[in-house]
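*Asks:* Could you have a look at this structure, given as structure tokens, before my questions?
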Amino acid sequence: MSVDWKERPEGGGWFAIWLIRTIARRGGRAVARLCLYPIVLYFLALRGPERRASRDYLTRLTGKRAGLFAIARHIHTFAATILDRVFLLGEDMRRFDIRVQGVDALHETLDTHGGVLLFGSHLGSFEVLRVLARARPDIPLRVVLEKAHNPAMTQLLDALNPEIAATVIDASQDGPSVVIAIQEAIAEGAIVALLVDRMHPGEGALPVDFLGAPAQLPSSPWLIAAVLHAPVVLAFGLYRGGNRYDLVFEPFSGPIRIARQDRPTVLGEMARRYAARLEHHARSAPYNWFNFYDYWHTGAPSDDQPQANTRDGLPARPAGDAVDGVGRAA
């Protein structure tokens with residue numbers, strides 16, 4: 001599975017992110033959104049891999065070759081959600097129309113089982129989950145993020161809201177430390193949110209079908225759920241344009257208890273079910289997909305090469321025993 005997303009530098013780096021933050025805080029959201037257009041031009045002109053990844057995704061989604069305007073809209077949507085982090089992490093929710101679906105089912109799961117694993121993705125905005133803190137301030141929210149991969153965004157979070165920053169579980173730690181931190185949070189009755197749609201180097205893979213072609217999802221989140229016997233709820237924070245977000249929660253599984261020998265089969269089926277829900281919401285909010293890298297491992301096609309909706313890809317590495325280190329740590 002392609003993991004070249006970890007090798008891509010942050011777009012614009014520290015200075016660009018902090019410049020936007022300053023403009024947003026002093027001039028407001030409307031003024032700051034004017035800065036999104038030069039950002040889009042920057043990505044279109046200078047970030048070829050991201051531009052090609054956008055074309056590949058949009059082409060698979062629609063079945064026809066995506067044009068430059070669609071790619072620009074895709075990047076603009078991404079930039080808009082990044083800008084909104086300034087306000088969402090600053091807990092300024094008054095600027096947004098956030099419509100929540102399925103939160104009662106999430107609360108029922110919490111009240112019944114205690115801690116919950118909340119599986120999200122790079123589809124839409126994960127920061128919009130912060131509205132949960134207002135709905136249930138008695139329940140802590142812990143987010144698993146890889147601080148080392150996005151140092152500028154990490155510094156921004158630390159500056160905007162040190163209290164939220166302190167609740168982050170750093171995924172850059174070694175695997176056992178991450179799992180132990182998740183286990184402790186679940187035992188305390190917390191919501192632990194993870195992004196589960198990207199592979200990491202050396203990680204076990206689960207093969208799925210996504211947008212009509214083979215893809216791979218990481219096996220470790222599902223194995224963590226199994227070894228911790230934690231219920232799983234899916235979360236999608238979809239940006240609908242303007243100031244509107246739809247925050248959708250979907251109960252996915254009760255406490256997972258799987259015999260070791262059955263893990264590959266059962267976890268594989270769970271990953272395929274998740275991929276189907278991910279595709280459903282991607283089609284519902286087509287410009288919200290923010291995996292700007294060669295997700296299907298097609299060999300980074302050129303902009304001039306049409307991308308057909310074919311079943312290409314690489315065989316998955318086996319899951320289960322390949323990541324049993326996670327299970328032993330838990």
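Each chain in the structure tokens gets a letter, A, B, ..., in the order shown, and its residues are numbered from 1; ligands are numbered from 1 in order too.
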Got a sec to tell me which of stretch 110-318 of chain A DSSP assigns to helix (DSSP H, G or I), as a PyMOL selection string?
*Replies:* chain A and resi 110-113+127-135+151-160+162-165+175-187+220-228+260-284+286-288
*Asks:* For A:Ala72, find every residue with an atom within 8 Å (counting only C-alpha atoms), except residues of its own chain fewer than 6 positions away, and show them as a PyMOL selection string.
*Replies:* chain A and resi 40-41+44
*Asks:* Contacts of stretch 189-199 of chain A at 6 Å or less, counting only C-alpha atoms, minus same-chain residues fewer than 4 places along, as a list in words?
*Replies:* Gly114, Gly115, Val116, Leu117, Leu118, Phe119, Gly120, Ser121, Ile139, Pro140, Leu141, Arg142, Val143, Val144, Ala185, Leu217 and Pro218 of chain A
*Asks:* Can those selected residues be exported to a file as a PDB file, in the first residue's frame so that it contains N, CA and C atoms?
*Replies:*
ATOM      1  N   GLY A 114     -19.627   2.330  28.642  1.00  0.00           N
ATOM      2  CA  GLY A 114     -18.506   3.137  29.105  1.00  0.00           C
ATOM      3  C   GLY A 114     -17.751   3.712  27.920  1.00  0.00           C
ATOM      4  N   GLY A 115     -16.450   3.496  27.867  1.00  0.00           N
ATOM      5  CA  GLY A 115     -15.625   4.064  26.795  1.00  0.00           C
ATOM      6  C   GLY A 115     -16.006   3.546  25.420  1.00  0.00           C
ATOM      7  N   VAL A 116     -15.747   4.367  24.413  1.00  0.00           N
ATOM      8  CA  VAL A 116     -16.103   4.056  23.028  1.00  0.00           C
ATOM      9  C   VAL A 116     -14.948   4.435  22.110  1.00  0.00           C
ATOM     10  N   LEU A 117     -14.689   3.600  21.120  1.00  0.00           N
ATOM     11  CA  LEU A 117     -13.778   3.955  20.035  1.00  0.00           C
ATOM     12  C   LEU A 117     -14.589   4.631  18.938  1.00  0.00           C
ATOM     13  N   LEU A 118     -14.197   5.831  18.565  1.00  0.00           N
ATOM     14  CA  LEU A 118     -14.889   6.600  17.534  1.00  0.00           C
ATOM     15  C   LEU A 118     -14.000   6.625  16.305  1.00  0.00           C
ATOM     16  N   PHE A 119     -14.398   5.897  15.258  1.00  0.00           N
ATOM     17  CA  PHE A 119     -13.576   5.759  14.063  1.00  0.00           C
ATOM     18  C   PHE A 119     -13.970   6.822  13.042  1.00  0.00           C
ATOM     19  N   GLY A 120     -13.017   7.684  12.718  1.00  0.00           N
ATOM     20  CA  GLY A 120     -13.217   8.710  11.713  1.00  0.00           C
ATOM     21  C   GLY A 120     -12.297   8.490  10.531  1.00  0.00           C
ATOM     22  N   SER A 121     -12.203   9.496   9.677  1.00  0.00           N
ATOM     23  CA  SER A 121     -11.422   9.379   8.450  1.00  0.00           C
ATOM     24  C   SER A 121     -11.005  10.760   7.984  1.00  0.00           C
ATOM     25  N   ILE A 139     -18.070  13.691  29.645  1.00  0.00           N
ATOM     26  CA  ILE A 139     -17.352  12.597  28.992  1.00  0.00           C
ATOM     27  C   ILE A 139     -16.118  13.156  28.284  1.00  0.00           C
ATOM     28  N   PRO A 140     -14.918  12.735  28.666  1.00  0.00           N
ATOM     29  CA  PRO A 140     -13.707  13.238  28.010  1.00  0.00           C
ATOM     30  C   PRO A 140     -13.582  12.732  26.581  1.00  0.00           C
ATOM     31  N   LEU A 141     -13.031  13.560  25.723  1.00  0.00           N
ATOM     32  CA  LEU A 141     -12.759  13.204  24.332  1.00  0.00           C
ATOM     33  C   LEU A 141     -11.259  13.190  24.118  1.00  0.00           C
ATOM     34  N   ARG A 142     -10.726  12.049  23.745  1.00  0.00           N
ATOM     35  CA  ARG A 142      -9.302  11.907  23.451  1.00  0.00           C
ATOM     36  C   ARG A 142      -9.155  11.609  21.969  1.00  0.00           C
ATOM     37  N   VAL A 143      -8.271  12.323  21.309  1.00  0.00           N
ATOM     38  CA  VAL A 143      -8.055  12.160  19.872  1.00  0.00           C
ATOM     39  C   VAL A 143      -6.646  11.640  19.639  1.00  0.00           C
ATOM     40  N   VAL A 144      -6.531  10.582  18.838  1.00  0.00           N
ATOM     41  CA  VAL A 144      -5.229  10.000  18.499  1.00  0.00           C
ATOM     42  C   VAL A 144      -4.732  10.677  17.226  1.00  0.00           C
ATOM     43  N   ALA A 185      -7.708   5.322  28.529  1.00  0.00           N
ATOM     44  CA  ALA A 185      -8.798   6.260  28.254  1.00  0.00           C
ATOM     45  C   ALA A 185     -10.141   5.544  28.186  1.00  0.00           C
ATOM     46  N   LEU A 217      -6.990  -0.922   3.938  1.00  0.00           N
ATOM     47  CA  LEU A 217      -7.174  -0.176   5.170  1.00  0.00           C
ATOM     48  C   LEU A 217      -6.261  -0.756   6.244  1.00  0.00           C
ATOM     49  N   PRO A 218      -5.828   0.056   7.189  1.00  0.00           N
ATOM     50  CA  PRO A 218      -4.962  -0.465   8.253  1.00  0.00           C
ATOM     51  C   PRO A 218      -5.717  -1.422   9.163  1.00  0.00           C
TER      52      PRO A 218
END
*Asks:* Under the rule of at most 8 Å, produce a per-residue listing of stretch 23-113 of chain A near stretch 220-237 of chain A: chain, number, name, the closest pair of atoms, and the distance in Å, as JSON lines, using only C-alpha atoms.
*Replies:*
{"residue": "A:Leu106", "atom": "CA", "partner": "A:Val233", "partner_atom": "CA", "distance": 7.0}
{"residue": "A:Thr109", "atom": "CA", "partner": "A:Pro231", "partner_atom": "CA", "distance": 7.6}
{"residue": "A:His113", "atom": "CA", "partner": "A:Pro231", "partner_atom": "CA", "distance": 7.4}
*Asks:* Kindly assemble as a Markdown table a list of the stretch 77-122 of chain A residues that lie within 9 Å of stretch 284-301 of chain A, each paired with its nearest atom pair and their distance in Å to one decimal, using only C-alpha atoms, sorted first by chain and then by ascending residue number.
*Replies:*
| residue | atom | partner | partner_atom | distance |
| --- | --- | --- | --- | --- |
| A:Thr77 | CA | A:Tyr287 | CA | 6.4 |
| A:Phe78 | CA | A:Phe290 | CA | 6.5 |
| A:Ser121 | CA | A:Phe290 | CA | 8.9 |
| A:His122 | CA | A:Phe290 | CA | 5.3 |
*Asks:* To one decimal place in Å, what is the distance between atom CA of A:Leu89 and atom CA of A:Ile164?
*Replies:*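 Straight-line distance from atom CA of A:Leu89 to atom CA of A:Ile164 works out to 7.8 Å.
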*Asks:* Please, what distance in Å, to one decimal, runs between atom CA of A:Leu129 and atom CA of A:Leu247?
*Replies:*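 Spanning atom CA of A:Leu129 to atom CA of A:Leu247 is a straight-line distance of 7.4 Å.
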*Asks:* Using backbone DSSP assignments, extract all strand (DSSP E) residues from stretch 125-234 of chain A; output them as a ChimeraX atom specification.
*Replies:* /A:141-145,169-170,191-195,205-210,213-218,232-234
*Asks:* Could you write out that same residue set with C-alpha atoms as a short mmCIF file (atom, residue, chain, number, x, y, z; two decimals), in the first residue's frame?
*Replies:*
data_model
loop_
_atom_site.label_atom_id
_atom_site.label_comp_id
_atom_site.auth_asym_id
_atom_site.auth_seq_id
_atom_site.Cartn_x
_atom_site.Cartn_y
_atom_site.Cartn_z
CA LEU A 141 -12.76 13.20 24.33
CA ARG A 142 -9.30 11.91 23.45
CA VAL A 143 -8.05 12.16 19.87
CA VAL A 144 -5.23 10.00 18.50
CA LEU A 145 -3.06 12.15 16.20
CA ILE A 169 -2.77 10.81 22.31
CA ASP A 170 0.38 11.08 20.20
CA ILE A 191 -14.47 8.70 23.72
CA VAL A 192 -11.26 7.85 21.86
CA ALA A 193 -11.29 9.11 18.29
CA LEU A 194 -9.00 7.68 15.60
CA LEU A 195 -8.58 8.23 11.87
CA ALA A 205 -3.40 -4.31 5.81
CA LEU A 206 -6.98 -5.35 5.22
CA PRO A 207 -8.09 -5.50 1.57
CA VAL A 208 -11.34 -3.71 0.70
CA ASP A 209 -13.18 -2.46 -2.35
CA PHE A 210 -13.44 1.33 -2.46
CA ALA A 213 -11.13 -0.66 -7.11
CA PRO A 214 -9.04 -2.61 -4.58
CA ALA A 215 -7.67 -0.55 -1.71
CA GLN A 216 -6.23 -1.32 1.69
CA LEU A 217 -7.17 -0.18 5.17
CA PRO A 218 -4.96 -0.46 8.25
CA VAL A 232 -17.08 1.10 17.78
CA VAL A 233 -19.05 4.09 16.51
CA LEU A 234 -18.32 5.74 13.15
#
*Asks:* Quick one: distance from atom CA of A:Leu278 to atom CA of A:Gly175 in Å, one decimal?
*Replies:*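 Those two atoms sit 25.4 Å apart.
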*Asks:* Which neighbours of stretch 91-105 of chain A fall inside 8 Å, counting only C-alpha atoms, when residues of the same chain fewer than 6 positions from it are skipped, and could you give them as an NGL selection string?
*Replies:* :A and (130-131 or 243-251)
*Asks:* With distances taken over only C-alpha atoms, which residue among A:Ala276, A:Leu83, A:Val128, A:Ala133 lies nearest A:Ile20?
*Replies:*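 Using only C-alpha atoms, the shortest distance to A:Ile20 belongs to A:Leu83.
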*Asks:* Between A:His74, A:Asp138, A:Leu68, A:Arg260, which residue has the minimum interatomic distance to A:Glu188, considering only C-alpha atoms?
*Replies:* A:Asp138
*Asks:* Of the candidates A:Arg65, A:Arg73, A:Arg52, A:Arg25, which shows the shortest atom-to-atom distance to A:Ile39, using only C-alpha atoms?
*Replies:*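 Closest candidate: A:Arg73.
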